[in-house]
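Shown next: query.cif, containing mmCIF, C-alpha atoms.
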data_my_file
#
loop_
_atom_site.label_atom_id
_atom_site.label_comp_id
_atom_site.auth_asym_id
_atom_site.auth_seq_id
_atom_site.Cartn_x
_atom_site.Cartn_y
_atom_site.Cartn_z
CA MET U 1 282.45 6.81 -34.39
CA LEU U 2 279.65 8.81 -32.77
CA ARG U 3 279.26 6.14 -30.09
CA THR U 4 283.00 6.26 -29.33
CA LEU U 5 282.94 10.05 -28.95
CA LYS U 6 279.90 9.82 -26.67
CA ASP U 7 281.65 7.19 -24.52
CA LEU U 8 284.74 9.39 -24.30
CA PHE U 9 282.66 12.43 -23.41
CA ASP U 10 280.78 10.44 -20.75
CA THR U 11 284.03 9.42 -19.08
CA PHE U 12 285.00 13.08 -18.73
CA THR U 13 281.61 14.33 -17.57
CA ALA U 14 280.54 11.46 -15.33
CA PRO U 15 280.99 12.15 -11.64
CA ALA U 16 283.83 10.24 -10.07
CA GLN U 17 282.32 7.36 -8.13
CA ALA U 18 284.30 6.05 -5.20
CA SER U 19 283.97 2.30 -5.30
CA SER U 20 284.50 1.45 -1.66
CA PRO U 21 283.36 2.97 1.65
CA ALA U 22 287.01 3.75 2.46
CA GLU U 23 287.42 5.65 -0.81
CA ARG U 24 284.18 7.57 -0.19
CA GLU U 25 285.35 8.44 3.32
CA HIS U 26 288.70 9.62 1.98
CA GLU U 27 286.92 11.78 -0.64
CA LEU U 28 284.74 13.35 2.07
CA GLN U 29 287.77 13.97 4.28
CA LEU U 30 289.65 15.58 1.43
CA GLY U 31 286.62 17.64 0.39
CA THR U 32 286.12 18.90 3.93
CA ALA U 33 289.80 19.76 4.25
CA VAL U 34 289.92 21.49 0.85
CA LEU U 35 286.93 23.71 1.63
CA LEU U 36 288.43 24.70 4.98
CA VAL U 37 291.79 25.40 3.32
CA GLU U 38 290.02 27.51 0.71
CA VAL U 39 288.56 29.70 3.48
CA MET U 40 292.03 29.99 4.97
CA ARG U 41 293.46 30.93 1.54
CA ALA U 42 290.70 33.49 0.84
CA ASP U 43 292.32 35.87 3.32
CA PRO U 44 295.58 37.29 1.90
CA THR U 45 297.41 36.42 5.12
CA ILE U 46 297.20 32.86 6.43
CA THR U 47 297.62 32.92 10.20
CA ALA U 48 298.65 30.24 12.66
CA ALA U 49 295.21 30.61 14.29
CA GLU U 50 293.47 29.74 11.02
CA ARG U 51 295.71 26.73 10.43
CA ALA U 52 295.15 25.54 14.02
CA THR U 53 291.38 25.90 13.59
CA VAL U 54 291.47 23.83 10.40
CA LEU U 55 293.54 21.10 12.09
CA ASP U 56 291.34 21.10 15.21
CA THR U 57 288.23 20.83 13.06
CA LEU U 58 289.62 17.94 11.02
CA ARG U 59 290.83 16.22 14.20
CA GLY U 60 287.38 16.54 15.75
CA LYS U 61 285.49 15.42 12.66
CA PHE U 62 287.67 12.49 11.61
CA SER U 63 289.50 9.95 13.75
CA LEU U 64 292.96 10.55 12.31
CA ALA U 65 296.39 10.38 13.89
CA ASP U 66 298.51 13.54 13.83
CA ASP U 67 300.63 12.30 10.91
CA GLU U 68 297.45 11.48 8.93
CA LEU U 69 296.11 14.96 9.70
CA ALA U 70 299.33 16.53 8.47
CA ARG U 71 299.18 14.50 5.24
CA LEU U 72 295.49 15.37 4.75
CA LEU U 73 296.18 19.08 5.22
CA GLU U 74 299.13 18.93 2.80
CA LEU U 75 297.03 17.10 0.21
CA ALA U 76 294.18 19.59 0.72
CA GLU U 77 296.51 22.54 0.19
CA ASP U 78 297.88 20.99 -3.02
CA THR U 79 294.38 20.13 -4.24
CA ALA U 80 293.07 23.62 -3.42
CA ARG U 81 295.84 25.19 -5.49
CA THR U 82 294.97 23.10 -8.55
CA SER U 83 291.16 22.84 -8.29
CA HIS U 84 289.08 25.03 -10.54
CA ASP U 85 285.73 24.60 -8.80
CA TYR U 86 284.12 23.16 -5.69
CA HIS U 87 281.53 20.95 -7.37
CA ARG U 88 283.56 17.75 -6.90
CA PHE U 89 283.63 18.30 -3.15
CA THR U 90 280.20 19.77 -2.56
CA SER U 91 278.46 17.13 -4.67
CA ALA U 92 280.03 14.37 -2.54
CA MET U 93 278.88 16.19 0.60
CA ASN U 94 275.39 16.67 -0.81
CA GLU U 95 275.23 12.95 -1.49
CA HIS U 96 276.59 11.74 1.86
CA PHE U 97 276.00 14.49 4.46
CA THR U 98 272.76 15.20 6.24
CA GLN U 99 271.43 18.76 6.12
CA ALA U 100 272.64 19.24 9.71
CA GLN U 101 276.15 18.10 8.72
CA LYS U 102 276.19 20.53 5.79
CA ILE U 103 275.09 23.37 8.07
CA HIS U 104 277.84 22.37 10.49
CA MET U 105 280.32 22.46 7.59
CA VAL U 106 279.30 26.05 6.85
CA GLU U 107 279.60 26.93 10.55
CA THR U 108 283.07 25.39 10.61
CA MET U 109 284.11 27.49 7.62
CA TRP U 110 282.92 30.56 9.52
CA GLN U 111 285.00 29.46 12.51
CA VAL U 112 288.09 29.39 10.30
CA ALA U 113 287.23 32.84 8.92
CA TYR U 114 286.73 34.32 12.40
CA SER U 115 289.77 32.59 13.96
CA ASP U 116 292.15 35.42 13.06
CA ALA U 117 289.80 38.10 14.46
CA HIS U 118 289.38 39.55 10.94
CA LEU U 119 286.65 38.72 8.46
CA ASP U 120 287.86 39.31 4.91
CA ALA U 121 285.34 40.08 2.13
CA HIS U 122 286.74 37.17 0.10
CA GLU U 123 286.07 34.78 2.99
CA ASN U 124 282.51 36.08 3.25
CA HIS U 125 281.93 35.62 -0.49
CA LEU U 126 283.50 32.15 -0.59
CA ILE U 127 281.48 30.80 2.33
CA GLY U 128 278.27 32.15 0.80
CA LYS U 129 279.09 30.48 -2.51
CA ILE U 130 279.86 27.11 -0.89
CA ALA U 131 276.76 27.31 1.31
CA GLY U 132 274.70 27.70 -1.86
CA LEU U 133 276.41 24.69 -3.46
CA LEU U 134 275.61 22.69 -0.31
CA HIS U 135 271.93 23.72 -0.54
CA VAL U 136 272.09 25.45 2.84
CA THR U 137 269.24 27.95 3.10
CA HIS U 138 269.91 31.61 3.78
CA GLY U 139 268.47 31.27 7.30
CA GLU U 140 270.67 28.26 8.03
CA TYR U 141 273.67 30.14 6.60
CA ILE U 142 273.03 33.19 8.82
CA GLY U 143 272.48 30.96 11.88
CA ALA U 144 275.81 29.20 11.25
CA LYS U 145 277.55 32.55 10.84
CA MET U 146 276.08 33.91 14.07
CA ARG U 147 277.00 30.78 16.09
CA ALA U 148 280.58 30.92 14.80
CA ARG U 149 280.79 34.63 15.47
CA GLU U 150 279.57 34.21 19.06
CA ALA U 151 281.97 31.31 19.63
CA ALA U 152 284.83 33.51 18.40
CA GLY U 153 283.83 36.24 20.84
CA HIS U 154 282.69 38.73 18.19
CA ALA U 155 279.32 39.88 19.47
#

Representation of the structure as structure tokens:
Amino acid sequence: MLRTLKDLFDTFTAPAQASSPAEREHELQLGTAVLLVEVMRADPTITAAERATVLDTLRGKFSLADDELARLLELAEDTARTSHDYHRFTSAMNEHFTQAQKIHMVETMWQVAYSDAHLDAHENHLIGKIAGLLHVTHGEYIGAKMRAREAAGHA
């Protein structure tokens, strides 16, 4: 009986392992999209500029057709509404992204936050939290923020 309970517990606590490269790629795409959507949702008002920045980022990062981008964004929005933490997404990124890619992810989140010309405190907090989960150092985090801020024209 104890062995059966341990097996059951292990199935709930074991990280989900994507079995194929395509499944891993899909998980990384979804994770990237969810984190960007979360930044967009952190601000009480979602603007067209924020949505366009998310789509442009996903288009630039992944080779997806417009209909695939639309489906990815829809899935990311649904997933963001039902997710309780970011560990599932950040752990996949920590496993498969280089440090430079993780820093770029943080910079991209800042680009979404700055795209509406208003930085909300919730956006600031969320990006800091995710940067920590991605093991991005404080210096790398500040550098990403400054690059995004300059690109947005907020000197």

Original post:
Care to translate the PyMOL selection byres ((chain U and resi 42-58) around 9) into actual residues of this file, as number ranges by chain?
Top reply: U: 29, 32-33, 36-41, 59-64, 69-70, 72-73, 108-109, 111-116, 118-124, 126

Subject >> Residue contacts of stretch 136-153 of chain U (6 Å, all atoms listed in the file) excluding same-chain residues fewer than 4 positions away, as JSON, numbers by chain >> reply: {"U": [107, 110, 111, 131, 132]}

**OP:** Enumerate, as a list in words, the residues matched when the PyMOL selection byres ((chain U and resi 93) around 10) is run on the file above.
**Re:**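 Selection result, ordered by chain and number: Glu27, Leu28, Gln29, Gly31, Thr32, His87, Arg88, Phe89, Thr90, Ser91, Ala92, Asn94, Glu95, His96, Phe97, Thr98, Gln99, Gln101, Lys102, Met105, Leu133 and Leu134 of chain U.
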
**OP:** Between U:His135, U:Ile127, U:Ala117, U:Ala65, single out the one closest to U:Leu35, counting all atoms listed in the file.
**Re:**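 Residue with the minimum atom-to-atom distance to U:Leu35: U:Ile127.
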
**OP:** Pick out the closest residue to U:Glu68 from this set: U:Val106, U:Ala100, U:Ser83, U:His26. Count only C-alpha atoms.
**Re:**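 Among U:Val106, U:Ala100, U:Ser83, U:His26, it is U:His26 that comes nearest to U:Glu68.
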
**OP:** Pick out the closest residue to U:His84 from this set: U:His104, U:Val34, U:Gly128, U:Asp66. Count only C-alpha atoms.
**Re:**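 Among the listed residues, the smallest separation from U:His84 belongs to U:Val34.
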
Original post:
Of the residues U:Ser20, U:Leu30, U:Ile103, U:Ile130, which is the one nearest to U:Asp85, using only C-alpha atoms?
Top reply: U:Ile130

Kindly add all heavy atoms to the incomplete stretch 64-75 of chain U and provide the output as a CSV table (one decimal), keeping the file's coordinate frame.
chain,number,residue,atom,x,y,z
U,64,LEU,N,291.7,10.7,13.0
U,64,LEU,CA,293.0,10.6,12.3
U,64,LEU,C,294.1,10.8,13.3
U,64,LEU,O,294.0,11.7,14.1
U,64,LEU,CB,293.0,11.5,11.1
U,64,LEU,CG,292.0,11.3,10.0
U,64,LEU,CD1,292.1,12.5,9.0
U,64,LEU,CD2,292.2,10.0,9.3
U,65,ALA,N,295.2,10.1,13.1
U,65,ALA,CA,296.4,10.4,13.9
U,65,ALA,C,297.0,11.7,13.4
U,65,ALA,O,296.7,12.2,12.3
U,65,ALA,CB,297.4,9.2,13.7
U,66,ASP,N,297.9,12.3,14.2
U,66,ASP,CA,298.5,13.5,13.8
U,66,ASP,C,299.2,13.5,12.5
U,66,ASP,O,299.1,14.4,11.7
U,66,ASP,CB,299.5,14.0,14.9
U,66,ASP,CG,298.7,14.5,16.2
U,66,ASP,OD1,297.5,14.8,16.1
U,66,ASP,OD2,299.4,14.6,17.2
U,67,ASP,N,299.9,12.4,12.2
U,67,ASP,CA,300.6,12.3,10.9
U,67,ASP,C,299.6,12.2,9.7
U,67,ASP,O,299.9,12.8,8.7
U,67,ASP,CB,301.6,11.1,10.9
U,67,ASP,CG,301.0,9.8,11.0
U,67,ASP,OD1,300.0,9.7,11.8
U,67,ASP,OD2,301.4,8.8,10.4
U,68,GLU,N,298.5,11.5,10.0
U,68,GLU,CA,297.4,11.5,8.9
U,68,GLU,C,296.8,12.9,8.7
U,68,GLU,O,296.5,13.2,7.6
U,68,GLU,CB,296.4,10.5,9.3
U,68,GLU,CG,296.8,9.0,9.3
U,68,GLU,CD,295.8,8.1,9.9
U,68,GLU,OE1,295.2,8.4,10.9
U,68,GLU,OE2,295.6,7.0,9.3
U,69,LEU,N,296.6,13.6,9.8
U,69,LEU,CA,296.1,15.0,9.7
U,69,LEU,C,297.1,15.9,8.9
U,69,LEU,O,296.6,16.6,8.1
U,69,LEU,CB,295.9,15.6,11.1
U,69,LEU,CG,294.6,15.2,11.8
U,69,LEU,CD1,294.6,15.7,13.2
U,69,LEU,CD2,293.4,15.7,11.1
U,70,ALA,N,298.3,15.7,9.2
U,70,ALA,CA,299.3,16.5,8.5
U,70,ALA,C,299.3,16.2,7.0
U,70,ALA,O,299.4,17.1,6.1
U,70,ALA,CB,300.7,16.3,9.1
U,71,ARG,N,299.2,14.9,6.6
U,71,ARG,CA,299.2,14.5,5.2
U,71,ARG,C,297.9,15.0,4.6
U,71,ARG,O,297.9,15.4,3.4
U,71,ARG,CB,299.3,13.0,5.1
U,71,ARG,CG,300.7,12.5,5.3
U,71,ARG,CD,300.9,11.0,4.8
U,71,ARG,NE,299.9,10.1,5.3
U,71,ARG,CZ,300.1,9.4,6.4
U,71,ARG,NH1,301.2,9.5,7.1
U,71,ARG,NH2,299.2,8.5,6.8
U,72,LEU,N,296.8,14.9,5.3
U,72,LEU,CA,295.5,15.4,4.8
U,72,LEU,C,295.5,16.9,4.5
U,72,LEU,O,295.1,17.3,3.4
U,72,LEU,CB,294.3,15.0,5.7
U,72,LEU,CG,292.9,15.5,5.3
U,72,LEU,CD1,292.5,15.0,3.9
U,72,LEU,CD2,291.9,15.2,6.4
U,73,LEU,N,296.1,17.6,5.4
U,73,LEU,CA,296.2,19.1,5.2
U,73,LEU,C,297.1,19.4,4.0
U,73,LEU,O,296.8,20.3,3.2
U,73,LEU,CB,296.7,19.8,6.5
U,73,LEU,CG,296.7,21.3,6.5
U,73,LEU,CD1,295.3,21.9,6.2
U,73,LEU,CD2,297.2,21.9,7.8
U,74,GLU,N,298.2,18.7,3.9
U,74,GLU,CA,299.1,18.9,2.8
U,74,GLU,C,298.4,18.6,1.5
U,74,GLU,O,298.5,19.4,0.5
U,74,GLU,CB,300.4,18.1,3.0
U,74,GLU,CG,301.4,18.3,1.9
U,74,GLU,CD,302.7,17.4,2.1
U,74,GLU,OE1,303.0,17.1,3.3
U,74,GLU,OE2,303.3,17.0,1.1
U,75,LEU,N,297.7,17.5,1.4
U,75,LEU,CA,297.0,17.1,0.2
U,75,LEU,C,295.9,18.1,-0.1
U,75,LEU,O,295.7,18.5,-1.3
U,75,LEU,CB,296.4,15.7,0.4
U,75,LEU,CG,295.7,15.2,-0.8
U,75,LEU,CD1,296.5,15.1,-2.1
U,75,LEU,CD2,295.1,13.8,-0.5
